[in-house]
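Enquirer: query_27.cif is reproduced in full below (mmCIF, C-alpha atoms).
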data_protein
#
loop_
_atom_site.group_PDB
_atom_site.id
_atom_site.type_symbol
_atom_site.label_atom_id
_atom_site.label_comp_id
_atom_site.auth_asym_id
_atom_site.auth_seq_id
_atom_site.Cartn_x
_atom_site.Cartn_y
_atom_site.Cartn_z
ATOM 1 C CA MET Z 1 6.934 50.627 4.418
ATOM 2 C CA SER Z 2 9.704 52.801 5.819
ATOM 3 C CA THR Z 3 11.189 52.982 9.344
ATOM 4 C CA ILE Z 4 12.395 56.012 11.240
ATOM 5 C CA GLU Z 5 14.990 55.871 13.998
ATOM 6 C CA ASP Z 6 14.582 58.285 16.889
ATOM 7 C CA SER Z 7 17.396 59.867 18.877
ATOM 8 C CA GLU Z 8 17.758 56.734 21.003
ATOM 9 C CA GLY Z 9 18.087 54.450 17.950
ATOM 10 C CA VAL Z 10 14.617 52.855 18.275
ATOM 11 C CA ALA Z 11 12.987 52.031 14.889
ATOM 12 C CA THR Z 12 9.376 53.125 14.353
ATOM 13 C CA VAL Z 13 6.992 52.523 11.440
ATOM 14 C CA ASP Z 14 6.057 55.449 9.219
ATOM 15 C CA ALA Z 15 2.250 55.815 9.751
ATOM 16 C CA THR Z 16 1.781 57.472 6.361
ATOM 17 C CA ASP Z 17 3.124 54.414 4.512
ATOM 18 C CA SER Z 18 1.013 52.109 6.683
ATOM 19 C CA ASN Z 19 -2.174 54.044 5.874
ATOM 20 C CA ARG Z 20 -1.294 54.025 2.186
ATOM 21 C CA ILE Z 21 -1.018 50.218 2.203
ATOM 22 C CA GLU Z 22 -4.313 49.872 4.037
ATOM 23 C CA ASP Z 23 -6.033 52.134 1.500
ATOM 24 C CA THR Z 24 -5.003 49.862 -1.375
ATOM 25 C CA GLU Z 25 -6.577 46.746 0.161
ATOM 26 C CA PHE Z 26 -10.038 45.711 -1.082
ATOM 27 C CA THR Z 27 -12.791 45.225 1.406
ATOM 28 C CA ALA Z 28 -15.268 42.380 1.115
ATOM 29 C CA GLY Z 29 -17.984 44.799 0.018
ATOM 30 C CA GLU Z 30 -15.829 46.264 -2.761
ATOM 31 C CA ALA Z 31 -14.842 42.795 -3.981
ATOM 32 C CA TRP Z 32 -18.498 41.764 -4.063
ATOM 33 C CA THR Z 33 -19.415 44.934 -5.992
ATOM 34 C CA LEU Z 34 -16.746 44.222 -8.601
ATOM 35 C CA TYR Z 35 -17.007 40.460 -8.978
ATOM 36 C CA GLY Z 36 -20.211 39.411 -7.183
ATOM 37 C CA SER Z 37 -22.498 39.431 -10.206
ATOM 38 C CA TRP Z 38 -19.968 37.455 -12.267
ATOM 39 C CA ALA Z 39 -19.566 34.882 -9.487
ATOM 40 C CA VAL Z 40 -23.327 34.473 -9.103
ATOM 41 C CA THR Z 41 -23.721 34.076 -12.885
ATOM 42 C CA VAL Z 42 -20.989 31.419 -13.102
ATOM 43 C CA ILE Z 43 -22.382 29.469 -10.152
ATOM 44 C CA ASN Z 44 -25.946 29.758 -11.463
ATOM 45 C CA LEU Z 45 -25.037 28.517 -14.945
ATOM 46 C CA THR Z 46 -22.867 25.715 -13.544
ATOM 47 C CA ILE Z 47 -25.745 24.442 -11.419
ATOM 48 C CA PHE Z 48 -28.145 24.740 -14.364
ATOM 49 C CA PHE Z 49 -25.983 22.724 -16.757
ATOM 50 C CA CYS Z 50 -25.221 20.116 -14.073
ATOM 51 C CA ILE Z 51 -28.940 19.618 -13.462
ATOM 52 C CA TRP Z 52 -29.487 19.445 -17.223
ATOM 53 C CA GLU Z 53 -26.750 16.805 -17.553
ATOM 54 C CA LEU Z 54 -28.137 14.675 -14.728
ATOM 55 C CA PHE Z 55 -31.686 14.967 -16.011
ATOM 56 C CA ALA Z 56 -30.620 13.965 -19.529
ATOM 57 C CA TRP Z 57 -28.654 10.967 -18.242
ATOM 58 C CA SER Z 58 -31.634 9.831 -16.158
ATOM 59 C CA GLY Z 59 -33.446 8.859 -19.356
ATOM 60 C CA ALA Z 60 -36.661 10.670 -18.400
ATOM 61 C CA ILE Z 61 -36.723 12.317 -21.856
ATOM 62 C CA ASN Z 62 -35.639 10.821 -25.151
ATOM 63 C CA PRO Z 63 -32.127 12.115 -26.071
ATOM 64 C CA LEU Z 64 -33.526 12.971 -29.494
ATOM 65 C CA PHE Z 65 -35.522 15.769 -27.811
ATOM 66 C CA LEU Z 66 -33.145 16.685 -24.977
ATOM 67 C CA PRO Z 67 -29.496 15.708 -25.429
ATOM 68 C CA ALA Z 68 -27.017 15.883 -22.573
ATOM 69 C CA ALA Z 69 -25.380 19.252 -21.974
ATOM 70 C CA SER Z 70 -21.973 17.642 -22.524
ATOM 71 C CA SER Z 71 -23.131 16.445 -25.968
ATOM 72 C CA MET Z 72 -24.255 19.964 -26.837
ATOM 73 C CA PHE Z 73 -20.931 21.499 -25.793
ATOM 74 C CA SER Z 74 -19.052 18.751 -27.636
ATOM 75 C CA ALA Z 75 -20.994 19.506 -30.842
ATOM 76 C CA LEU Z 76 -20.384 23.226 -30.344
ATOM 77 C CA TRP Z 77 -16.648 22.764 -29.858
ATOM 78 C CA GLU Z 78 -16.359 20.436 -32.844
ATOM 79 C CA GLY Z 79 -18.359 22.806 -35.046
ATOM 80 C CA MET Z 80 -16.290 25.829 -34.018
ATOM 81 C CA THR Z 81 -12.899 24.173 -34.451
ATOM 82 C CA THR Z 82 -13.344 21.920 -37.493
ATOM 83 C CA THR Z 83 -14.684 22.220 -41.021
ATOM 84 C CA ALA Z 84 -17.100 19.715 -42.503
ATOM 85 C CA PRO Z 85 -15.669 17.766 -45.457
ATOM 86 C CA PRO Z 86 -16.999 18.370 -48.984
ATOM 87 C CA GLY Z 87 -20.201 16.462 -49.654
ATOM 88 C CA ALA Z 88 -21.292 16.420 -46.007
ATOM 89 C CA VAL Z 89 -24.996 16.717 -45.220
ATOM 90 C CA ILE Z 90 -24.355 20.064 -43.537
ATOM 91 C CA SER Z 91 -21.721 22.014 -45.451
ATOM 92 C CA GLY Z 92 -19.244 24.196 -43.585
ATOM 93 C CA SER Z 93 -18.750 24.490 -39.836
ATOM 94 C CA ILE Z 94 -20.646 26.354 -37.159
ATOM 95 C CA ARG Z 95 -17.953 28.998 -37.365
ATOM 96 C CA ASP Z 96 -18.605 29.587 -41.076
ATOM 97 C CA HIS Z 97 -22.374 29.831 -40.572
ATOM 98 C CA LEU Z 98 -21.888 32.107 -37.542
ATOM 99 C CA LEU Z 99 -19.706 34.527 -39.498
ATOM 100 C CA TYR Z 100 -22.239 34.580 -42.331
ATOM 101 C CA SER Z 101 -25.134 35.367 -39.963
ATOM 102 C CA LEU Z 102 -23.160 37.987 -38.016
ATOM 103 C CA THR Z 103 -22.146 39.722 -41.244
ATOM 104 C CA ASN Z 104 -25.753 39.989 -42.413
ATOM 105 C CA LEU Z 105 -26.882 41.053 -38.929
ATOM 106 C CA SER Z 106 -24.235 43.788 -38.751
ATOM 107 C CA ILE Z 107 -25.175 45.154 -42.169
ATOM 108 C CA GLY Z 108 -28.890 45.021 -41.366
ATOM 109 C CA LEU Z 109 -28.491 46.712 -37.968
ATOM 110 C CA GLY Z 110 -26.265 49.387 -39.473
ATOM 111 C CA ILE Z 111 -28.855 50.213 -42.129
ATOM 112 C CA ALA Z 112 -31.631 50.132 -39.505
ATOM 113 C CA CYS Z 113 -29.753 52.628 -37.319
ATOM 114 C CA VAL Z 114 -29.014 54.937 -40.253
ATOM 115 C CA ILE Z 115 -32.718 54.958 -41.176
ATOM 116 C CA GLY Z 116 -34.338 54.608 -37.759
ATOM 117 C CA ILE Z 117 -32.505 57.160 -35.607
ATOM 118 C CA PRO Z 118 -32.965 60.191 -37.912
ATOM 119 C CA ALA Z 119 -36.550 59.161 -38.712
ATOM 120 C CA GLY Z 120 -37.454 58.848 -35.026
ATOM 121 C CA LEU Z 121 -35.807 62.154 -34.121
ATOM 122 C CA LEU Z 122 -37.539 63.895 -37.021
ATOM 123 C CA MET Z 123 -40.941 62.471 -36.094
ATOM 124 C CA GLY Z 124 -40.486 63.559 -32.499
ATOM 125 C CA GLY Z 125 -39.377 67.064 -33.419
ATOM 126 C CA ASN Z 126 -41.837 67.858 -36.214
ATOM 127 C CA LYS Z 127 -45.562 67.312 -35.729
ATOM 128 C CA TYR Z 128 -46.277 67.387 -39.467
ATOM 129 C CA VAL Z 129 -43.804 64.596 -40.188
ATOM 130 C CA GLU Z 130 -45.218 62.688 -37.221
ATOM 131 C CA THR Z 131 -48.759 63.011 -38.555
ATOM 132 C CA VAL Z 132 -47.764 61.723 -41.983
ATOM 133 C CA LEU Z 133 -45.445 58.862 -40.976
ATOM 134 C CA SER Z 134 -46.912 57.572 -37.707
ATOM 135 C CA PRO Z 135 -49.711 55.462 -39.317
ATOM 136 C CA TYR Z 136 -47.191 53.684 -41.537
ATOM 137 C CA VAL Z 137 -44.739 53.153 -38.678
ATOM 138 C CA TRP Z 138 -47.346 51.624 -36.378
ATOM 139 C CA ALA Z 139 -48.855 49.509 -39.167
ATOM 140 C CA LEU Z 140 -45.521 48.043 -40.265
ATOM 141 C CA ALA Z 141 -44.274 47.660 -36.682
ATOM 142 C CA SER Z 142 -47.307 45.538 -35.765
ATOM 143 C CA LEU Z 143 -47.112 43.395 -38.905
ATOM 144 C CA PRO Z 144 -45.391 40.019 -38.297
ATOM 145 C CA ARG Z 145 -42.198 39.951 -40.319
ATOM 146 C CA ILE Z 146 -42.629 36.265 -41.140
ATOM 147 C CA ALA Z 147 -45.675 37.165 -43.255
ATOM 148 C CA LEU Z 148 -43.446 39.272 -45.512
ATOM 149 C CA VAL Z 149 -40.892 36.555 -46.251
ATOM 150 C CA PRO Z 150 -42.819 35.000 -49.206
ATOM 151 C CA LEU Z 151 -43.284 38.488 -50.677
ATOM 152 C CA PHE Z 152 -39.594 39.340 -50.474
ATOM 153 C CA ILE Z 153 -38.627 35.943 -51.843
ATOM 154 C CA LEU Z 154 -40.927 36.645 -54.807
ATOM 155 C CA PHE Z 155 -39.310 40.038 -55.492
ATOM 156 C CA LEU Z 156 -35.701 39.437 -54.426
ATOM 157 C CA GLY Z 157 -35.330 35.666 -54.657
ATOM 158 C CA PHE Z 158 -33.197 33.531 -52.344
ATOM 159 C CA THR Z 159 -30.492 36.155 -52.078
ATOM 160 C CA VAL Z 160 -28.545 38.002 -49.402
ATOM 161 C CA LYS Z 161 -30.518 41.142 -50.276
ATOM 162 C CA MET Z 162 -33.725 39.414 -49.226
ATOM 163 C CA GLN Z 163 -32.213 38.347 -45.902
ATOM 164 C CA ILE Z 164 -30.814 41.803 -45.124
ATOM 165 C CA THR Z 165 -34.166 43.378 -46.023
ATOM 166 C CA ILE Z 166 -35.930 41.136 -43.483
ATOM 167 C CA ILE Z 167 -33.311 42.059 -40.853
ATOM 168 C CA VAL Z 168 -33.711 45.778 -41.524
ATOM 169 C CA LEU Z 169 -37.510 45.618 -41.309
ATOM 170 C CA SER Z 170 -37.266 43.622 -38.088
ATOM 171 C CA ALA Z 171 -34.838 46.019 -36.378
ATOM 172 C CA VAL Z 172 -35.732 49.471 -37.678
ATOM 173 C CA PHE Z 173 -39.127 50.022 -36.044
ATOM 174 C CA PRO Z 174 -38.057 49.589 -32.394
ATOM 175 C CA ILE Z 175 -35.313 52.127 -33.083
ATOM 176 C CA ILE Z 176 -37.737 54.594 -34.705
ATOM 177 C CA ILE Z 177 -40.338 54.259 -31.953
ATOM 178 C CA ASN Z 178 -37.851 54.640 -29.100
ATOM 179 C CA ALA Z 179 -36.123 57.664 -30.629
ATOM 180 C CA TRP Z 180 -39.526 59.190 -31.340
ATOM 181 C CA ALA Z 181 -40.675 58.574 -27.744
ATOM 182 C CA GLY Z 182 -37.429 60.019 -26.365
ATOM 183 C CA VAL Z 183 -37.958 63.338 -28.111
ATOM 184 C CA LYS Z 184 -41.641 63.497 -27.178
ATOM 185 C CA THR Z 185 -40.973 62.814 -23.480
ATOM 186 C CA THR Z 186 -38.194 65.372 -22.994
ATOM 187 C CA GLU Z 187 -38.894 67.138 -19.708
ATOM 188 C CA LYS Z 188 -40.471 70.531 -20.221
ATOM 189 C CA SER Z 189 -38.556 71.967 -17.274
ATOM 190 C CA LEU Z 190 -35.261 71.292 -19.041
ATOM 191 C CA LEU Z 191 -36.476 73.042 -22.184
ATOM 192 C CA ALA Z 192 -37.807 75.981 -20.149
ATOM 193 C CA ALA Z 193 -34.514 76.346 -18.269
ATOM 194 C CA ALA Z 194 -32.541 76.323 -21.522
ATOM 195 C CA LYS Z 195 -34.844 78.970 -23.013
ATOM 196 C CA VAL Z 196 -34.356 81.177 -19.938
ATOM 197 C CA PHE Z 197 -30.606 81.134 -20.624
ATOM 198 C CA GLY Z 198 -31.221 82.187 -24.237
ATOM 199 C CA ALA Z 199 -30.753 78.867 -26.037
ATOM 200 C CA SER Z 200 -31.720 78.880 -29.687
ATOM 201 C CA ARG Z 201 -33.891 76.194 -31.287
ATOM 202 C CA ARG Z 202 -30.784 74.464 -32.626
ATOM 203 C CA GLU Z 203 -29.102 74.545 -29.224
ATOM 204 C CA LEU Z 204 -32.254 73.224 -27.569
ATOM 205 C CA TYR Z 205 -32.244 70.261 -29.899
ATOM 206 C CA PHE Z 206 -28.552 69.354 -29.718
ATOM 207 C CA LYS Z 207 -27.811 70.266 -26.089
ATOM 208 C CA VAL Z 208 -31.066 69.266 -24.361
ATOM 209 C CA VAL Z 209 -33.277 67.033 -26.491
ATOM 210 C CA LEU Z 210 -30.594 64.831 -28.073
ATOM 211 C CA PRO Z 211 -28.716 64.036 -24.801
ATOM 212 C CA TYR Z 212 -32.042 63.290 -23.118
ATOM 213 C CA THR Z 213 -32.982 60.972 -26.005
ATOM 214 C CA LEU Z 214 -29.708 59.014 -26.099
ATOM 215 C CA PRO Z 215 -30.802 56.371 -23.533
ATOM 216 C CA PHE Z 216 -34.020 55.860 -25.514
ATOM 217 C CA ILE Z 217 -32.005 55.359 -28.704
ATOM 218 C CA ILE Z 218 -29.745 52.827 -26.990
ATOM 219 C CA ALA Z 219 -32.815 50.994 -25.687
ATOM 220 C CA GLY Z 220 -34.231 50.952 -29.226
ATOM 221 C CA ILE Z 221 -30.975 49.513 -30.564
ATOM 222 C CA GLN Z 222 -31.082 46.807 -27.877
ATOM 223 C CA GLN Z 223 -34.597 45.852 -28.934
ATOM 224 C CA GLY Z 224 -33.520 46.058 -32.566
ATOM 225 C CA ILE Z 225 -30.719 43.566 -31.910
ATOM 226 C CA GLY Z 226 -33.190 41.005 -30.586
ATOM 227 C CA ARG Z 227 -35.659 41.615 -33.401
ATOM 228 C CA GLY Z 228 -32.871 41.626 -35.979
ATOM 229 C CA LEU Z 229 -31.569 38.281 -34.726
ATOM 230 C CA ILE Z 230 -35.067 36.864 -35.087
ATOM 231 C CA GLY Z 231 -35.107 38.272 -38.628
ATOM 232 C CA VAL Z 232 -31.791 36.547 -39.361
ATOM 233 C CA VAL Z 233 -33.130 33.163 -38.282
ATOM 234 C CA ILE Z 234 -36.442 33.584 -40.134
ATOM 235 C CA ALA Z 235 -34.765 34.685 -43.367
ATOM 236 C CA GLU Z 236 -32.229 31.845 -43.275
ATOM 237 C CA ILE Z 237 -34.813 29.193 -42.415
ATOM 238 C CA PHE Z 238 -37.166 30.122 -45.252
ATOM 239 C CA GLY Z 239 -34.799 31.429 -47.875
ATOM 240 C CA GLY Z 240 -31.189 30.587 -47.221
ATOM 241 C CA SER Z 241 -28.548 27.944 -47.720
ATOM 242 C CA LYS Z 242 -26.101 29.321 -45.139
ATOM 243 C CA GLY Z 243 -26.253 30.784 -41.663
ATOM 244 C CA LEU Z 244 -27.388 29.730 -38.197
ATOM 245 C CA GLY Z 245 -31.065 29.570 -39.191
ATOM 246 C CA TYR Z 246 -30.270 27.220 -42.046
ATOM 247 C CA LEU Z 247 -28.099 25.159 -39.698
ATOM 248 C CA ILE Z 248 -31.000 24.775 -37.259
ATOM 249 C CA THR Z 249 -33.225 23.476 -40.055
ATOM 250 C CA ARG Z 250 -30.637 21.043 -41.392
ATOM 251 C CA SER Z 251 -29.754 19.687 -37.946
ATOM 252 C CA ALA Z 252 -33.463 19.116 -37.249
ATOM 253 C CA ASP Z 253 -33.905 17.363 -40.595
ATOM 254 C CA THR Z 254 -30.981 15.028 -39.825
ATOM 255 C CA PHE Z 255 -32.104 14.443 -36.193
ATOM 256 C CA ASN Z 256 -28.855 15.970 -34.913
ATOM 257 C CA SER Z 257 -30.264 17.379 -31.681
ATOM 258 C CA PRO Z 258 -26.868 18.168 -30.023
ATOM 259 C CA LEU Z 259 -25.964 20.388 -32.984
ATOM 260 C CA MET Z 260 -29.373 22.056 -32.955
ATOM 261 C CA TYR Z 261 -29.108 22.850 -29.237
ATOM 262 C CA ALA Z 262 -25.542 24.074 -29.787
ATOM 263 C CA VAL Z 263 -26.752 26.561 -32.406
ATOM 264 C CA LEU Z 264 -29.586 27.717 -30.142
ATOM 265 C CA PHE Z 265 -27.105 28.196 -27.290
ATOM 266 C CA LEU Z 266 -24.845 30.142 -29.635
ATOM 267 C CA LEU Z 267 -27.730 32.424 -30.617
ATOM 268 C CA VAL Z 268 -28.344 33.207 -26.936
ATOM 269 C CA VAL Z 269 -24.657 33.991 -26.403
ATOM 270 C CA VAL Z 270 -24.554 36.275 -29.456
ATOM 271 C CA SER Z 271 -27.698 38.126 -28.397
ATOM 272 C CA LEU Z 272 -26.528 38.670 -24.808
ATOM 273 C CA SER Z 273 -23.063 39.738 -25.975
ATOM 274 C CA LEU Z 274 -24.444 42.352 -28.358
ATOM 275 C CA ILE Z 275 -26.852 43.690 -25.723
ATOM 276 C CA ASN Z 276 -24.005 43.995 -23.193
ATOM 277 C CA ILE Z 277 -21.993 45.924 -25.785
ATOM 278 C CA THR Z 278 -24.859 48.405 -26.118
ATOM 279 C CA ARG Z 279 -25.011 48.695 -22.314
ATOM 280 C CA TRP Z 280 -21.339 49.603 -22.217
ATOM 281 C CA LEU Z 281 -22.010 52.076 -25.012
ATOM 282 C CA GLU Z 282 -24.833 53.598 -22.974
ATOM 283 C CA ALA Z 283 -22.544 53.893 -19.935
ATOM 284 C CA TYR Z 284 -20.071 55.783 -22.137
ATOM 285 C CA VAL Z 285 -22.425 58.164 -23.956
ATOM 286 C CA ALA Z 286 -24.941 58.593 -21.112
ATOM 287 C CA PRO Z 287 -23.068 58.085 -17.814
ATOM 288 C CA TRP Z 288 -25.817 59.802 -15.833
ATOM 289 C CA ARG Z 289 -27.968 56.719 -16.435
ATOM 290 C CA ARG Z 290 -25.662 54.521 -14.359
ATOM 291 C CA ILE Z 291 -27.564 55.013 -11.124
ATOM 292 C CA ASP Z 292 -26.076 51.848 -9.660
ATOM 293 C CA MET Z 293 -22.638 53.445 -9.672
ATOM 294 C CA LEU Z 294 -23.687 56.353 -7.454
#
Can you present the structure in this file as structure tokens?

Expert:
Amino acid sequence: MSTIEDSEGVATVDATDSNRIEDTEFTAGEAWTLYGSWAVTVINLTIFFCIWELFAWSGAINPLFLPAASSMFSALWEGMTTTAPPGAVISGSIRDHLLYSLTNLSIGLGIACVIGIPAGLLMGGNKYVETVLSPYVWALASLPRIALVPLFILFLGFTVKMQITIIVLSAVFPIIINAWAGVKTTEKSLLAAAKVFGASRRELYFKVVLPYTLPFIIAGIQQGIGRGLIGVVIAEIFGGSKGLGYLITRSADTFNSPLMYAVLFLLVVVSLSLINITRWLEAYVAPWRRIDML
């Protein structure tokens, strides 16, 4: 803030500097817009875990079925910061199993995107391809993936290839169906307007159809993440010796309920984190979808 002396030597405040300082101050509404949802989430989760802790300590439910929240977080911290000694009932730490599952999930989702996005766009843009492939897509999409695990174990054995195959089959069909639906539901008025301005078929596809379909593709990837995570757990439970699914089975077999709940909590955190990453990606590639920012 600067002062200006008049001809009589009286100091006055520069109004421009004062307004500039006032403009930089946050109002209560702006602070709530920026941090309100985070504050509500923190308070909500704090209350939830406090109620869980009190309910567990009350003894209403056997700790074998519902351990205290503090026990779960203690098991999670210990599993993320330490490594089990050789010969332990559960080899490795939660960190090691988490990295193994995330690696397989990343590979499976990458393959699913490489297959699913072009296939969905092609089915939406070509009626002949749609006629040929749509029965197979709907049939395989409605088939429970758990029914295929014994078949893949028979052909591929208890290998990483089997696990990644289950992940790919779990994640690819939501991506195909959403990309397919995005192309099919492109607004006719947008296509007509582009044709009026002389757009070619290639320009129609890349400048109208593909941008319109991007939110559908992101939504398909979000669904694929959830389905792929289910595929990870199923594959590791039935045919694995590492990973979070295997850790759930072993902790249940050894009646280690705090560890089992810790792994389940970790799966929720991983799923929500990946979905939020795709939301940020959607805000970047399709900013017109962020209606809440208008």

Enquirer: Take CA of Ile107 (chain Z) and CA of Ile167 (chain Z) and report the distance between them in Å, one decimal.

Expert: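 According to the coordinates, CA of Ile107 (chain Z) and CA of Ile167 (chain Z) are separated by 8.8 Å.
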
Enquirer: Quick one: residues within 12 Å of Ser134 (chain Z), only C-alpha atoms counted, chain neighbours fewer than 6 positions away excluded, as number ranges by chain?

Expert: Z: 119-120, 122-124, 126-128, 140-141, 173, 176-177, 180-181

Enquirer: For this file, the PyMOL selection byres ((chain Z and resi 218) around 9) selects which residues, as a PyMOL selection string?

Expert: chain Z and resi 175+178-179+213-217+219-223+278-279+281-282

Enquirer: Run the PyMOL selection byres ((chain Z and resi 75) around 12) against the file shown and list the residues it catches, as a PyMOL selection string.

Expert: chain Z and resi 67-74+76-82+93-95+251+256-266

Enquirer: For Gly226 (chain Z), list every protein, DNA or RNA residue within 10 Å, evaluated using only C-alpha atoms, and leave out those in the same chain fewer than 5 positions away; present the list as a PDB file with C-alpha atoms, keeping the file's coordinate frame.

Expert:
ATOM      1  CA  SER Z 170     -37.266  43.622 -38.088  1.00  0.00           C
ATOM      2  CA  ALA Z 171     -34.838  46.019 -36.378  1.00  0.00           C
ATOM      3  CA  ILE Z 221     -30.975  49.513 -30.564  1.00  0.00           C
ATOM      4  CA  GLY Z 231     -35.107  38.272 -38.628  1.00  0.00           C
ATOM      5  CA  VAL Z 232     -31.791  36.547 -39.361  1.00  0.00           C
ATOM      6  CA  VAL Z 268     -28.344  33.207 -26.936  1.00  0.00           C
ATOM      7  CA  VAL Z 270     -24.554  36.275 -29.456  1.00  0.00           C
ATOM      8  CA  SER Z 271     -27.698  38.126 -28.397  1.00  0.00           C
ATOM      9  CA  LEU Z 272     -26.528  38.670 -24.808  1.00  0.00           C
ATOM     10  CA  LEU Z 274     -24.444  42.352 -28.358  1.00  0.00           C
ATOM     11  CA  ILE Z 275     -26.852  43.690 -25.723  1.00  0.00           C
TER      12      ILE Z 275
END

Enquirer: Just give me the gap between CA of Phe158 (chain Z) and CA of Gly239 (chain Z) in Å, one decimal is fine.

Expert: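 Rounded to one decimal, the two atoms are 5.2 Å apart.
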
Enquirer: Using Å and a single decimal, report how far CA of Thr185 (chain Z) sits from CA of Gly108 (chain Z).

Expert: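 That distance, rounded to one decimal, is 28.0 Å.
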
Enquirer: For each of Z:Val196, Z:Ile164, Z:Ala60, Z:Val114, take the minimum atom-to-atom distance to Tyr100 (chain Z), counting all atoms listed in the file, then give the residue where this is smallest.

Expert: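 Looking only at the distances to Tyr100 (chain Z), the closest residue turns out to be Z:Ile164.
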
Enquirer: Show me, as a ChimeraX atom specification, the residues that have an atom within 10 Å of Tyr212 (chain Z) when counting all atoms listed in the file, minus same-chain residues fewer than 4 positions from it.

Expert: /Z:182-183,185-187,190,205-208,216-217,286

Enquirer: Restricting the calculation to all atoms listed in the file: of Z:Gly245, Z:Gly240, Z:Gly116, Z:Pro63, which residue gets closest to Val160 (chain Z)?

Expert: Z:Gly240

Enquirer: Pick from Z:Gly243, Z:Pro211, Z:Gly228, Z:Pro150: nearest to Val285 (chain Z), with all atoms listed in the file counted?

Expert: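 Nearest candidate to Val285 (chain Z) out of Z:Gly243, Z:Pro211, Z:Gly228, Z:Pro150: Z:Pro211.
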
Enquirer: Listed atoms of region 120-137 of chain Z, axis-aligned box, 4 Å per side: centre and edge lengths to one decimal in Å, as JSON?

Expert:
{"center_x": -42.8, "center_y": 60.5, "center_z": -37.2, "size_x": 21.9, "size_y": 22.7, "size_z": 17.5}

Enquirer: Within 10 Å of Ala194 (chain Z), counting only C-alpha atoms, which residues show up once you throw out same-chain ones fewer than 6 positions away? Write them as number ranges by chain, please.

Expert: Z: 188, 200-201, 203-204, 207-208

Enquirer: Pick the closest to Ile230 (chain Z) from Z:Ala139, Z:Lys184, Z:Leu156, Z:Leu267: which is it, counting all atoms listed in the file?

Expert: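 Closest residue, counting all atoms listed in the file: Z:Leu267.
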
Enquirer: Select, from Z:Ile47, Z:Leu169, Z:Leu99, Z:Trp38, the residue with the minimum atom-to-atom distance to Pro144 (chain Z), counting all atoms listed in the file.

Expert: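 Answer, going by the shortest atom-to-atom distance: Z:Leu169.
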
Enquirer: Please write region 199-238 of chain Z of the preceding block to a file containing C-alpha atoms, as a short mmCIF file (atom, residue, chain, number, x, y, z; two decimals), in the first residue's frame?

Expert:
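File produced: decode.cif:
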data_model
loop_
_atom_site.label_atom_id
_atom_site.label_comp_id
_atom_site.auth_asym_id
_atom_site.auth_seq_id
_atom_site.Cartn_x
_atom_site.Cartn_y
_atom_site.Cartn_z
CA ALA Z 199 -16.39 -30.97 -43.79
CA SER Z 200 -15.19 -34.21 -45.33
CA ARG Z 201 -15.96 -37.63 -43.86
CA ARG Z 202 -12.53 -37.72 -42.23
CA GLU Z 203 -13.00 -34.26 -40.74
CA LEU Z 204 -16.46 -35.21 -39.49
CA TYR Z 205 -15.00 -38.15 -37.65
CA PHE Z 206 -11.97 -36.46 -36.09
CA LYS Z 207 -13.39 -32.98 -35.44
CA VAL Z 208 -17.00 -33.80 -34.48
CA VAL Z 209 -17.54 -37.46 -33.63
CA LEU Z 210 -14.30 -38.14 -31.73
CA PRO Z 211 -14.48 -35.03 -29.45
CA TYR Z 212 -18.14 -35.81 -28.75
CA THR Z 213 -17.20 -39.41 -27.87
CA LEU Z 214 -14.30 -38.57 -25.54
CA PRO Z 215 -16.46 -38.30 -22.37
CA PHE Z 216 -18.03 -41.67 -23.22
CA ILE Z 217 -14.57 -43.21 -23.58
CA ILE Z 218 -13.47 -41.78 -20.24
CA ALA Z 219 -16.64 -43.15 -18.63
CA GLY Z 220 -15.88 -46.56 -20.16
CA ILE Z 221 -12.34 -46.45 -18.76
CA GLN Z 222 -13.74 -45.60 -15.32
CA GLN Z 223 -16.04 -48.61 -15.47
CA GLY Z 224 -13.16 -50.69 -16.82
CA ILE Z 225 -11.03 -49.75 -13.80
CA GLY Z 226 -13.67 -51.09 -11.42
CA ARG Z 227 -14.22 -54.24 -13.46
CA GLY Z 228 -10.48 -54.71 -13.93
CA LEU Z 229 -9.88 -54.46 -10.18
CA ILE Z 230 -12.52 -57.13 -9.65
CA GLY Z 231 -10.69 -59.23 -12.26
CA VAL Z 232 -7.42 -58.75 -10.36
CA VAL Z 233 -8.93 -60.03 -7.12
CA ILE Z 234 -10.70 -62.97 -8.78
CA ALA Z 235 -7.59 -64.07 -10.69
CA GLU Z 236 -5.36 -63.83 -7.61
CA ILE Z 237 -7.83 -65.62 -5.34
CA PHE Z 238 -8.29 -68.59 -7.66
#
